[in-house]
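**Student:** Below is start.txt; it holds compact mmCIF, C-alpha atoms.
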```
# COMPACT_ATOMS: atom_id res chain seq x y z
CA MET A 278 39.27 24.07 33.16
CA SER A 279 39.24 27.65 31.85
CA GLN A 280 35.56 28.41 32.25
CA LEU A 281 34.57 28.49 35.92
CA ASN A 282 30.98 27.30 36.19
CA ALA A 283 28.55 27.37 39.10
CA GLY A 284 29.97 24.10 40.41
CA SER A 285 33.57 25.28 40.53
CA ILE A 286 34.91 25.37 44.08
CA VAL A 287 37.88 27.58 44.92
CA GLN A 288 39.06 27.86 48.51
CA ASN A 289 40.63 31.15 49.52
CA MET A 290 42.34 32.83 52.45
CA ALA A 291 42.26 36.62 52.70
CA MET A 292 43.39 39.06 55.37
CA GLU A 293 40.44 41.36 56.06
CA PHE A 294 40.98 44.68 57.82
CA ASP A 295 39.01 45.20 61.03
CA ASN A 296 38.38 48.96 61.25
CA THR A 297 37.41 48.82 64.93
CA GLN A 298 40.46 46.97 66.22
CA ARG A 299 42.72 48.28 63.44
CA ARG A 300 44.20 44.87 62.71
CA PHE A 301 43.94 42.19 60.06
CA VAL A 302 41.76 39.11 60.52
CA PRO A 303 42.24 35.90 58.50
CA ALA A 304 39.13 34.87 56.58
CA ARG A 305 39.02 31.41 55.04
CA ASN A 306 36.09 30.65 52.77
CA THR A 307 34.93 29.45 49.37
CA ILE A 308 34.86 32.07 46.64
CA GLU A 309 31.31 32.58 45.40
CA PRO A 310 30.62 31.55 41.77
CA LEU A 311 31.75 34.19 39.30
CA CYS A 312 29.38 36.33 37.27
CA GLU A 313 29.56 36.67 33.49
CA GLY A 314 32.80 38.36 32.40
CA GLN A 315 34.57 38.05 35.73
CA VAL A 316 38.10 36.62 35.90
CA LEU A 317 39.64 34.70 38.79
CA VAL A 318 43.29 35.51 39.45
CA ARG A 319 45.82 33.84 41.74
CA VAL A 320 47.69 36.68 43.48
CA LEU A 321 51.46 36.36 43.05
CA CYS A 322 52.61 39.56 44.74
CA CYS A 323 51.05 42.65 46.32
CA THR A 324 53.09 45.68 47.34
CA LEU A 325 51.85 48.07 50.01
CA CYS A 326 51.02 51.55 48.76
CA GLY A 327 51.05 54.69 50.87
CA SER A 328 47.25 54.83 50.68
CA ASP A 329 47.11 51.36 52.28
CA LEU A 330 49.23 52.72 55.13
CA HIS A 331 46.90 55.71 55.46
CA THR A 332 43.88 53.39 55.75
CA VAL A 333 45.50 51.23 58.43
CA SER A 334 46.72 54.25 60.40
CA GLY A 335 43.28 55.88 60.25
CA ARG A 336 44.20 58.84 58.03
CA ARG A 337 41.64 57.69 55.47
CA SER A 338 38.50 55.59 55.72
CA GLY A 339 38.08 52.04 54.49
CA HIS A 340 35.38 49.38 54.38
CA ASP A 341 35.24 47.27 57.53
CA ARG A 342 36.50 43.73 56.85
CA GLY A 343 37.52 44.76 53.34
CA VAL A 344 40.55 43.32 51.55
CA LEU A 345 43.18 46.02 51.03
CA GLY A 346 45.96 46.08 48.46
CA HIS A 347 45.76 47.29 44.86
CA GLU A 348 49.35 47.03 43.60
CA ILE A 349 48.93 43.46 42.38
CA VAL A 350 50.47 40.96 39.99
CA GLY A 351 48.61 37.70 39.43
CA GLU A 352 48.11 34.78 37.11
CA VAL A 353 44.88 33.81 35.37
CA VAL A 354 43.02 30.87 36.94
CA GLY A 355 39.79 31.02 34.93
CA TRP A 356 36.73 33.06 34.04
CA CYS A 357 32.97 32.94 33.78
CA GLY A 358 31.58 32.76 30.27
CA PRO A 359 31.95 30.62 27.16
CA ASN A 360 34.71 32.76 25.66
CA ALA A 361 38.03 33.87 27.11
CA PRO A 362 38.04 37.60 28.02
CA VAL A 363 40.43 39.81 26.10
CA ASP A 364 43.16 42.04 27.44
CA TYR A 365 43.69 45.76 26.79
CA TYR A 366 45.24 44.97 23.40
CA GLY A 367 42.42 42.65 22.26
CA SER A 368 44.20 39.32 22.80
CA GLN A 369 42.45 36.48 24.62
CA LEU A 370 43.62 35.67 28.13
CA GLN A 371 45.40 32.37 28.73
CA ILE A 372 45.32 30.16 31.81
CA GLY A 373 48.47 30.73 33.87
CA GLN A 374 49.21 34.03 32.13
CA ARG A 375 50.82 36.67 34.34
CA ILE A 376 48.79 39.89 34.35
CA THR A 377 48.14 43.18 36.07
CA TRP A 378 45.11 45.43 35.70
CA ALA A 379 43.83 48.97 36.14
CA MET A 380 43.15 49.92 39.75
CA SER A 381 39.95 51.81 38.79
CA VAL A 382 37.19 50.52 36.52
CA GLY A 383 34.71 52.92 34.94
CA CYS A 384 31.40 52.24 33.20
CA GLU A 385 32.61 53.81 29.90
CA CYS A 386 29.27 55.53 29.31
CA CYS A 387 28.69 58.20 32.01
CA PHE A 388 29.55 61.91 31.67
CA TYR A 389 33.00 61.53 33.23
CA CYS A 390 33.96 58.44 31.23
CA ASP A 391 32.91 60.28 28.07
CA ASN A 392 35.26 63.12 29.03
CA ASP A 393 38.45 61.12 29.70
CA LEU A 394 37.86 61.06 33.44
CA ASN A 395 37.15 57.35 33.79
CA GLN A 396 38.79 57.37 37.22
CA LYS A 397 35.94 59.64 38.38
CA CYS A 398 33.15 57.49 36.92
CA ASP A 399 29.70 57.84 38.47
CA SER A 400 29.78 54.09 39.29
CA LEU A 401 33.50 53.70 39.91
CA PHE A 402 34.96 50.41 41.16
CA LYS A 403 38.42 50.38 42.79
CA TYR A 404 40.48 47.34 43.65
CA GLY A 405 41.63 47.18 47.25
CA HIS A 406 39.05 49.81 48.24
CA GLU A 407 35.80 47.81 48.29
CA ALA A 408 33.89 45.73 50.83
CA ASN A 409 34.51 41.97 50.67
CA GLN A 410 31.28 40.34 49.48
CA GLY A 411 32.30 36.76 48.83
CA ARG A 412 34.59 37.64 45.93
CA PRO A 413 37.84 39.27 47.18
CA THR A 414 38.96 42.25 45.11
CA GLY A 415 42.11 43.22 46.99
CA GLY A 416 45.68 41.97 46.83
CA LEU A 417 45.99 40.81 50.45
CA SER A 418 44.35 37.56 49.50
CA GLU A 419 45.33 34.32 47.81
CA HIS A 420 42.94 35.12 44.96
CA CYS A 421 41.41 38.24 43.46
CA VAL A 422 38.25 38.45 41.35
CA LEU A 423 38.37 40.91 38.46
CA VAL A 424 35.06 42.56 37.65
CA ALA A 425 33.73 42.59 34.10
CA GLY A 426 35.18 45.44 32.04
CA THR A 427 38.49 45.63 33.92
CA PRO A 428 41.35 46.78 31.64
CA ILE A 429 43.77 43.81 31.87
CA PHE A 430 47.42 43.91 30.81
CA PRO A 431 49.86 41.06 30.16
CA VAL A 432 53.09 41.44 32.14
CA PRO A 433 56.29 41.44 30.06
CA ALA A 434 58.44 38.41 30.87
CA VAL A 435 61.48 40.59 31.62
CA LEU A 436 59.77 42.27 34.60
CA SER A 437 59.89 40.64 38.03
CA ASN A 438 56.79 40.63 40.24
CA GLU A 439 58.31 43.19 42.60
CA VAL A 440 59.21 45.60 39.81
CA VAL A 441 55.83 45.40 38.10
CA ALA A 442 53.48 45.31 41.14
CA PRO A 443 53.46 49.13 41.70
CA VAL A 444 52.82 49.81 38.01
CA ASN A 445 49.03 49.91 38.42
CA CYS A 446 49.34 52.65 41.02
CA ALA A 447 52.56 54.67 41.27
CA THR A 448 53.99 54.14 37.78
CA ALA A 449 50.70 54.69 35.97
CA THR A 450 49.94 57.78 38.07
CA VAL A 451 53.28 59.33 37.15
CA SER A 452 52.58 58.55 33.48
CA ALA A 453 49.21 60.28 33.84
CA ALA A 454 50.85 63.34 35.41
CA PHE A 455 53.24 63.71 32.49
CA ARG A 456 50.42 63.15 29.99
CA LEU A 457 48.64 66.16 31.50
CA VAL A 458 51.81 68.25 31.67
CA SER A 459 52.56 67.52 28.01
CA GLN A 460 49.31 69.24 27.04
CA THR A 461 50.82 72.61 27.98
CA HIS A 462 54.58 72.20 28.57
CA ARG A 463 57.55 70.40 27.01
CA MET A 464 59.54 67.87 29.00
CA GLN A 465 62.50 67.82 26.62
CA GLY A 466 65.13 70.17 28.02
CA ALA A 467 62.95 71.20 30.97
CA SER A 468 64.02 71.90 34.53
CA VAL A 469 61.84 69.90 36.92
CA LEU A 470 61.41 70.03 40.71
CA ILE A 471 60.03 66.83 42.25
CA VAL A 472 58.94 67.12 45.89
CA GLY A 473 58.92 63.76 47.65
CA ALA A 474 61.28 60.84 47.02
CA GLY A 475 58.89 57.97 47.63
CA MET A 476 57.78 55.52 44.96
CA LEU A 477 56.01 58.23 42.97
CA GLY A 478 58.86 60.73 43.18
CA LEU A 479 61.55 58.22 42.25
CA THR A 480 59.47 56.96 39.34
CA ALA A 481 58.88 60.54 38.22
CA ALA A 482 62.62 61.25 38.31
CA ALA A 483 63.23 58.20 36.11
CA GLN A 484 60.49 59.17 33.65
CA CYS A 485 61.78 62.76 33.51
CA SER A 486 65.26 61.47 32.78
CA GLU A 487 64.07 59.22 29.97
CA ALA A 488 61.95 62.07 28.53
CA GLY A 489 65.02 64.31 28.21
CA ALA A 490 64.60 66.81 31.05
CA SER A 491 67.80 68.83 31.46
CA GLN A 492 67.48 69.17 35.25
CA VAL A 493 65.72 66.74 37.55
CA ILE A 494 65.83 68.17 41.07
CA VAL A 495 64.38 65.99 43.85
CA ALA A 496 63.59 67.46 47.29
CA ASP A 497 62.99 65.33 50.37
CA PRO A 498 63.79 65.96 54.06
CA ASN A 499 65.02 62.38 54.38
CA GLU A 500 68.65 62.42 53.22
CA GLU A 501 68.73 58.71 52.43
CA ARG A 502 65.60 58.95 50.28
CA ALA A 503 66.84 62.08 48.54
CA LYS A 504 70.20 60.54 47.64
CA LEU A 505 68.42 57.43 46.38
CA ALA A 506 66.89 59.65 43.72
CA LEU A 507 70.33 60.03 42.13
CA LEU A 508 70.05 56.38 41.08
CA PHE A 509 66.74 57.16 39.37
CA GLY A 510 67.79 60.01 37.12
CA ALA A 511 67.92 62.99 39.49
CA THR A 512 70.63 65.49 38.60
CA GLU A 513 70.47 67.30 41.95
CA VAL A 514 68.86 66.69 45.34
CA LEU A 515 67.72 69.10 48.04
CA VAL A 516 67.64 68.00 51.68
CA SER A 517 66.21 69.82 54.74
CA GLU A 518 66.58 73.35 53.45
CA THR A 519 64.48 76.25 54.68
CA ALA A 520 61.99 77.71 52.22
CA GLU A 521 64.22 80.71 51.61
CA GLU A 522 67.33 78.56 51.14
CA ARG A 523 65.48 76.29 48.73
CA LYS A 524 64.25 79.27 46.71
CA GLU A 525 67.76 80.73 46.43
CA THR A 526 69.23 77.35 45.48
CA LEU A 527 66.65 76.78 42.74
CA LEU A 528 67.09 80.29 41.36
CA GLY A 529 70.81 79.65 41.19
CA MET A 530 70.25 76.42 39.29
CA THR A 531 67.89 78.00 36.75
CA ASP A 532 69.57 81.29 35.83
CA GLY A 533 67.31 83.18 38.22
CA ARG A 534 64.03 82.07 36.60
CA GLY A 535 62.75 79.12 38.63
CA VAL A 536 61.91 75.65 37.38
CA ASP A 537 59.70 74.98 34.36
CA LEU A 538 57.72 72.30 36.18
CA ALA A 539 57.17 71.55 39.88
CA ILE A 540 55.42 68.33 40.93
CA ASP A 541 54.29 67.52 44.46
CA PHE A 542 54.05 63.88 45.50
CA ALA A 543 54.30 64.51 49.26
CA GLY A 544 50.89 66.08 49.86
CA MET A 545 51.95 68.23 52.79
CA THR A 546 50.99 71.91 52.86
CA SER A 547 54.65 72.94 52.90
CA ALA A 548 55.32 70.77 49.83
CA VAL A 549 52.52 72.39 47.83
CA GLU A 550 53.75 75.84 48.83
CA ALA A 551 57.28 74.89 47.77
CA CYS A 552 56.02 74.00 44.31
CA LEU A 553 54.08 77.24 43.91
CA GLU A 554 57.09 79.28 45.00
CA SER A 555 59.59 77.45 42.80
CA VAL A 556 58.17 77.68 39.28
CA ARG A 557 59.17 80.31 36.78
CA LEU A 558 56.87 82.79 35.09
CA GLY A 559 54.67 80.69 32.81
CA GLY A 560 55.59 77.50 34.66
CA CYS A 561 53.44 74.52 35.58
CA VAL A 562 52.57 73.17 39.04
CA MET A 563 51.27 69.59 39.15
CA LEU A 564 49.70 68.43 42.42
CA VAL A 565 49.45 64.66 42.94
CA GLY A 566 50.22 63.87 46.57
CA SER A 567 47.34 65.59 48.40
CA VAL A 568 45.12 62.54 48.85
CA PHE A 569 44.40 63.08 52.55
CA PRO A 570 43.01 66.07 54.52
CA SER A 571 45.47 68.92 55.05
CA ASP A 572 45.50 72.56 56.06
CA PRO A 573 44.56 75.19 53.44
CA ILE A 574 47.20 77.34 51.79
CA ALA A 575 47.15 80.95 50.64
CA LEU A 576 46.89 81.31 46.86
CA TYR A 577 46.96 84.91 45.67
CA PRO A 578 45.01 85.20 42.41
CA GLU A 579 46.98 88.24 41.23
CA LEU A 580 50.27 86.36 41.49
CA ALA A 581 48.84 83.38 39.62
CA VAL A 582 47.60 85.74 36.89
CA ARG A 583 50.73 87.89 36.58
CA ARG A 584 53.02 84.84 36.70
CA MET A 585 50.75 83.08 34.16
CA LEU A 586 50.89 79.81 36.10
CA THR A 587 49.36 76.53 35.05
CA LEU A 588 48.01 74.65 38.08
CA ARG A 589 46.82 71.06 37.64
CA GLY A 590 45.62 68.34 39.96
CA LEU A 591 45.65 64.61 39.33
CA HIS A 592 44.00 61.69 41.08
CA ASN A 593 44.57 58.18 39.67
CA TYR A 594 44.89 57.58 35.93
CA LEU A 595 43.45 56.21 32.67
CA PRO A 596 44.14 52.74 31.22
CA CYS A 597 46.41 54.31 28.58
CA ASP A 598 48.64 55.53 31.41
CA LEU A 599 49.03 52.01 32.76
CA ASP A 600 50.01 50.92 29.26
CA HIS A 601 52.62 53.71 29.16
CA GLY A 602 53.91 52.72 32.61
CA LEU A 603 54.38 49.09 31.61
CA ARG A 604 56.23 50.07 28.43
CA PHE A 605 58.41 52.44 30.47
CA LEU A 606 59.38 49.67 32.92
CA GLU A 607 60.01 47.24 30.08
CA ARG A 608 62.47 49.69 28.51
CA ASN A 609 64.13 50.78 31.75
CA HIS A 610 64.07 47.92 34.27
CA GLN A 611 67.83 47.50 33.91
CA ARG A 612 68.63 51.21 33.78
CA PHE A 613 66.96 52.08 37.10
CA PRO A 614 67.07 49.77 40.19
CA PHE A 615 63.34 49.49 40.85
CA GLU A 616 63.65 46.01 42.35
CA SER A 617 65.85 47.39 45.14
CA LEU A 618 62.98 49.56 46.38
CA VAL A 619 61.27 46.60 48.07
CA GLY A 620 62.69 46.71 51.58
CA LYS A 621 61.28 43.43 52.87
CA ARG A 622 59.01 40.54 51.92
CA PHE A 623 56.27 38.98 54.06
CA PRO A 624 53.91 36.01 53.75
CA LEU A 625 50.18 36.76 53.75
CA ALA A 626 49.68 35.52 57.33
CA GLU A 627 52.11 38.20 58.56
CA VAL A 628 50.35 41.20 57.05
CA ASP A 629 50.15 42.98 60.43
CA LEU A 630 53.94 42.71 60.70
CA ALA A 631 54.30 43.92 57.13
CA PHE A 632 52.36 47.10 57.89
CA GLU A 633 54.21 47.60 61.16
CA TYR A 634 57.53 47.32 59.34
CA ALA A 635 56.36 49.65 56.56
CA MET A 636 55.25 52.34 59.01
CA GLN A 637 58.24 52.15 61.33
CA GLN A 638 61.11 51.55 58.89
CA ARG A 639 59.64 53.52 55.96
CA PRO A 640 61.09 51.56 53.05
CA VAL A 641 59.84 52.66 49.64
CA ARG A 642 57.85 49.44 49.31
CA VAL A 643 57.06 46.25 51.23
CA ALA A 644 55.94 43.13 49.34
CA VAL A 645 53.40 40.52 50.45
CA TYR A 646 53.46 37.08 48.85
CA PRO A 647 50.15 35.23 49.43
CA HIS A 648 51.65 31.94 48.22
CA GLY A 649 55.06 32.25 49.83
CA GLY A 650 56.83 33.77 46.83
CA ASP A 651 56.38 30.74 44.56
```
With the file now loaded, output its structure as structure tokens.

**Tutor:**
Amino acid sequence: MSQLNAGSIVQNMAMEFDNTQRRFVPARNTIEPLCEGQVLVRVLCCTLCGSDLHTVSGRRSGHDRGVLGHEIVGEVVGWCGPNAPVDYYGSQLQIGQRITWAMSVGCECCFYCDNDLNQKCDSLFKYGHEANQGRPTGGLSEHCVLVAGTPIFPVPAVLSNEVVAPVNCATATVSAAFRLVSQTHRMQGASVLIVGAGMLGLTAAAQCSEAGASQVIVADPNEERAKLALLFGATEVLVSETAEERKETLLGMTDGRGVDLAIDFAGMTSAVEACLESVRLGGCVMLVGSVFPSDPIALYPELAVRRMLTLRGLHNYLPCDLDHGLRFLERNHQRFPFESLVGKRFPLAEVDLAFEYAMQQRPVRVAVYPHGGD
């Protein structure tokens, strides 16, 4: 039955994170009846994002006994209300349809939503970042409840669960970064420095390549990660160079000018400084990775003025960026080996092991299958 009424009973198992003991606790219960406009989703796959690792390691705070995980693919089970909700494109949802959805949901009527900053809404809701109140809203659960107003996207049939799961975090964030860059700088023919060869950096290299950048230079101290970038459109990689060596190398690659665009996905102080030092006069620095506390850096106003730098920061994205990310993956899933980035797969009951593996082995992504990968 498509409409879930007050009498509908759905049993669920979720892995809640215990902040005190820093471990996951299984919670088996009945999902509370949905409210008007809410959609119940059966979680097919959830990949672990770096922010999930930061929460578990204590680098960032999280709700006690909350359900983590926001890189989610699921299938529609039902909804509350007489009419089927519609997706981002205005089409009605179908039972069993494979979907993903925006990580952040804004009210669409506050100051920030009115100024294209929905991800900073005054009453923002974020999947995988909220307390569990009878309706799980994270991916480390058999089911996930979508709140009313969530931008929902059908998943193209050509995309596997593991390829598409990170789209509502990493892929969409990269799309948002390039949307902002395009307001001031051209990507076609540009020289780009990408610092950090994780999921964001590799996706950025691929999007730069598709957009026609002439040089896509990826820097990462991990040689294996850096060389992996060559499979995702990087034209050159930089590994474990000193700041002075890196500067000389980049000047040599860019006729002595520096790169047109430098993007940081690592978030470390040294990475931000590398970006500021590497751009040419009139270049653009895009900061994306600094989502945890770090040391301050010295920024000399005179140099920023005389070099005419554009400095931008980005946190999360708009629904249009998720749309762009999905279209990008649909066009390029065979060109770039995104599926190979999932290092290992775990069942839901082994979430502690999944996080342990992710932190110790450092694969680009780890996947959790709440229903055993069916």

**Student:** Leaving out Thr512 of chain A and any residue of its chain fewer than 5 positions from it, which residues lie within 9 Å of it when counting all atoms listed in the file, given as a ChimeraX atom specification?

**Tutor:** /A:486,491-495,506-507

**Student:** Can you write just those residues out, C-alpha atoms, as a short mmCIF file (atom, residue, chain, number, x, y, z; two decimals), in the frame of the given file?

**Tutor:**
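Below is the file that was written, again-v8.cif:
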```
data_model
loop_
_atom_site.label_atom_id
_atom_site.label_comp_id
_atom_site.auth_asym_id
_atom_site.auth_seq_id
_atom_site.Cartn_x
_atom_site.Cartn_y
_atom_site.Cartn_z
CA SER A 486 65.26 61.47 32.78
CA SER A 491 67.80 68.83 31.46
CA GLN A 492 67.48 69.17 35.25
CA VAL A 493 65.72 66.74 37.55
CA ILE A 494 65.83 68.17 41.07
CA VAL A 495 64.38 65.99 43.85
CA ALA A 506 66.89 59.65 43.72
CA LEU A 507 70.33 60.03 42.13
#
```

**Student:** Neighbourhood query: residues within 9 Å of (46.0, 51.7, 60.8), file coordinates, counting only C-alpha atoms; return as a PyMOL selection string.

**Tutor:** chain A and resi 296+299-300+329-336+632

**Student:** Nearest to Asp364 of chain A among A:Glu439, A:Gly478, A:Pro596, A:Gly510, with distances taken over all atoms listed in the file: which residue is it?

**Tutor:**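 Closest to Asp364 of chain A of all the choices is A:Pro596.
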
**Student:** Have a look at atom CA of Ala539 of chain A and atom CA of Ser328 of chain A and let me know their distance in Å, one decimal.

**Tutor:** 22.2 Å

**Student:** So which residues touch Cys421 of chain A within 7 Å, counting all atoms listed in the file, skipping near sequence neighbours fewer than 2 positions away, as a PyMOL selection string?

**Tutor:** chain A and resi 317-320+413-416+418+423

**Student:** Taking into account all atoms listed in the file, which residue in the set A:Pro573, A:Gly314, A:Gly649, A:Gly475 is nearest to Cys326 of chain A?

**Tutor:**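 Distance minimum relative to Cys326 of chain A lands on A:Gly475.
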
**Student:** What does the distance from atom CA of Val619 of chain A to atom CA of Ser567 of chain A come to in Å, to one decimal?

**Tutor:** 23.6 Å

**Student:** Between atom CA of Lys621 of chain A and atom CA of Tyr634 of chain A, what is the spacing in Å?

**Tutor:**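 Spanning atom CA of Tyr634 of chain A to atom CA of Lys621 of chain A is a straight-line distance of 8.4 Å.
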
**Student:** Within 10 Å of Met530 of chain A, counting all atoms listed in the file, which residues show up once you throw out same-chain ones fewer than 3 positions away? Write them as a CSV table (one decimal) with C-alpha atoms, keeping the file's coordinate frame, please.

**Tutor:**
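Contents of the output file selection.csv:
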```csv
chain,number,residue,atom,x,y,z
A,468,SER,CA,64.0,71.9,34.5
A,492,GLN,CA,67.5,69.2,35.2
A,494,ILE,CA,65.8,68.2,41.1
A,513,GLU,CA,70.5,67.3,42.0
A,524,LYS,CA,64.2,79.3,46.7
A,525,GLU,CA,67.8,80.7,46.4
A,526,THR,CA,69.2,77.4,45.5
A,527,LEU,CA,66.6,76.8,42.7
A,533,GLY,CA,67.3,83.2,38.2
A,534,ARG,CA,64.0,82.1,36.6
A,535,GLY,CA,62.8,79.1,38.6
A,536,VAL,CA,61.9,75.6,37.4
```

**Student:** Identify which of the residues A:Glu522, A:Asp393, A:Glu627, A:Glu616 lies closest to Pro647 of chain A, counting only C-alpha atoms when measuring atom-to-atom distances.

**Tutor:** A:Glu627

**Student:** A:Ala581, A:Val458, A:Cys446, A:Leu436: which is nearest Leu595 of chain A, counting all atoms listed in the file?

**Tutor:** A:Cys446

**Student:** Write segment 589-608 of chain A as a short mmCIF file (atom, residue, chain, number, x, y, z; two decimals), in the coordinates of the input, completed to N, CA and C atoms.

**Tutor:**
```cif
data_model
loop_
_atom_site.label_atom_id
_atom_site.label_comp_id
_atom_site.auth_asym_id
_atom_site.auth_seq_id
_atom_site.Cartn_x
_atom_site.Cartn_y
_atom_site.Cartn_z
N ARG A 589 47.61 72.25 37.96
CA ARG A 589 46.82 71.06 37.64
C ARG A 589 46.82 70.10 38.82
N GLY A 590 45.73 69.39 38.96
CA GLY A 590 45.62 68.34 39.96
C GLY A 590 45.37 67.01 39.28
N LEU A 591 45.84 65.95 39.89
CA LEU A 591 45.65 64.61 39.33
C LEU A 591 45.33 63.62 40.43
N HIS A 592 44.33 62.79 40.18
CA HIS A 592 44.00 61.69 41.08
C HIS A 592 43.78 60.43 40.24
N ASN A 593 44.63 59.44 40.44
CA ASN A 593 44.57 58.18 39.67
C ASN A 593 44.87 58.41 38.19
N TYR A 594 44.39 57.56 37.31
CA TYR A 594 44.89 57.58 35.93
C TYR A 594 43.91 56.89 34.98
N LEU A 595 44.23 56.92 33.69
CA LEU A 595 43.45 56.21 32.67
C LEU A 595 44.18 54.93 32.27
N PRO A 596 43.48 53.97 31.67
CA PRO A 596 44.14 52.74 31.22
C PRO A 596 45.34 52.98 30.30
N CYS A 597 45.29 54.02 29.47
CA CYS A 597 46.41 54.31 28.58
C CYS A 597 47.66 54.66 29.37
N ASP A 598 47.49 55.20 30.58
CA ASP A 598 48.64 55.53 31.41
C ASP A 598 49.29 54.28 31.99
N LEU A 599 48.48 53.28 32.30
CA LEU A 599 49.03 52.01 32.76
C LEU A 599 49.81 51.34 31.63
N ASP A 600 49.29 51.44 30.42
CA ASP A 600 50.01 50.92 29.26
C ASP A 600 51.36 51.62 29.12
N HIS A 601 51.37 52.94 29.25
CA HIS A 601 52.62 53.71 29.16
C HIS A 601 53.58 53.29 30.27
N GLY A 602 53.06 53.10 31.48
CA GLY A 602 53.91 52.72 32.61
C GLY A 602 54.56 51.37 32.40
N LEU A 603 53.81 50.41 31.89
CA LEU A 603 54.38 49.09 31.61
C LEU A 603 55.48 49.16 30.55
N ARG A 604 55.22 49.93 29.49
CA ARG A 604 56.23 50.07 28.43
C ARG A 604 57.49 50.76 28.98
N PHE A 605 57.28 51.76 29.86
CA PHE A 605 58.41 52.44 30.47
C PHE A 605 59.26 51.46 31.27
N LEU A 606 58.64 50.64 32.12
CA LEU A 606 59.38 49.67 32.92
C LEU A 606 60.08 48.64 32.04
N GLU A 607 59.42 48.22 30.98
CA GLU A 607 60.01 47.24 30.08
C GLU A 607 61.29 47.79 29.45
N ARG A 608 61.29 49.08 29.11
CA ARG A 608 62.47 49.69 28.51
C ARG A 608 63.57 49.97 29.54
#
```
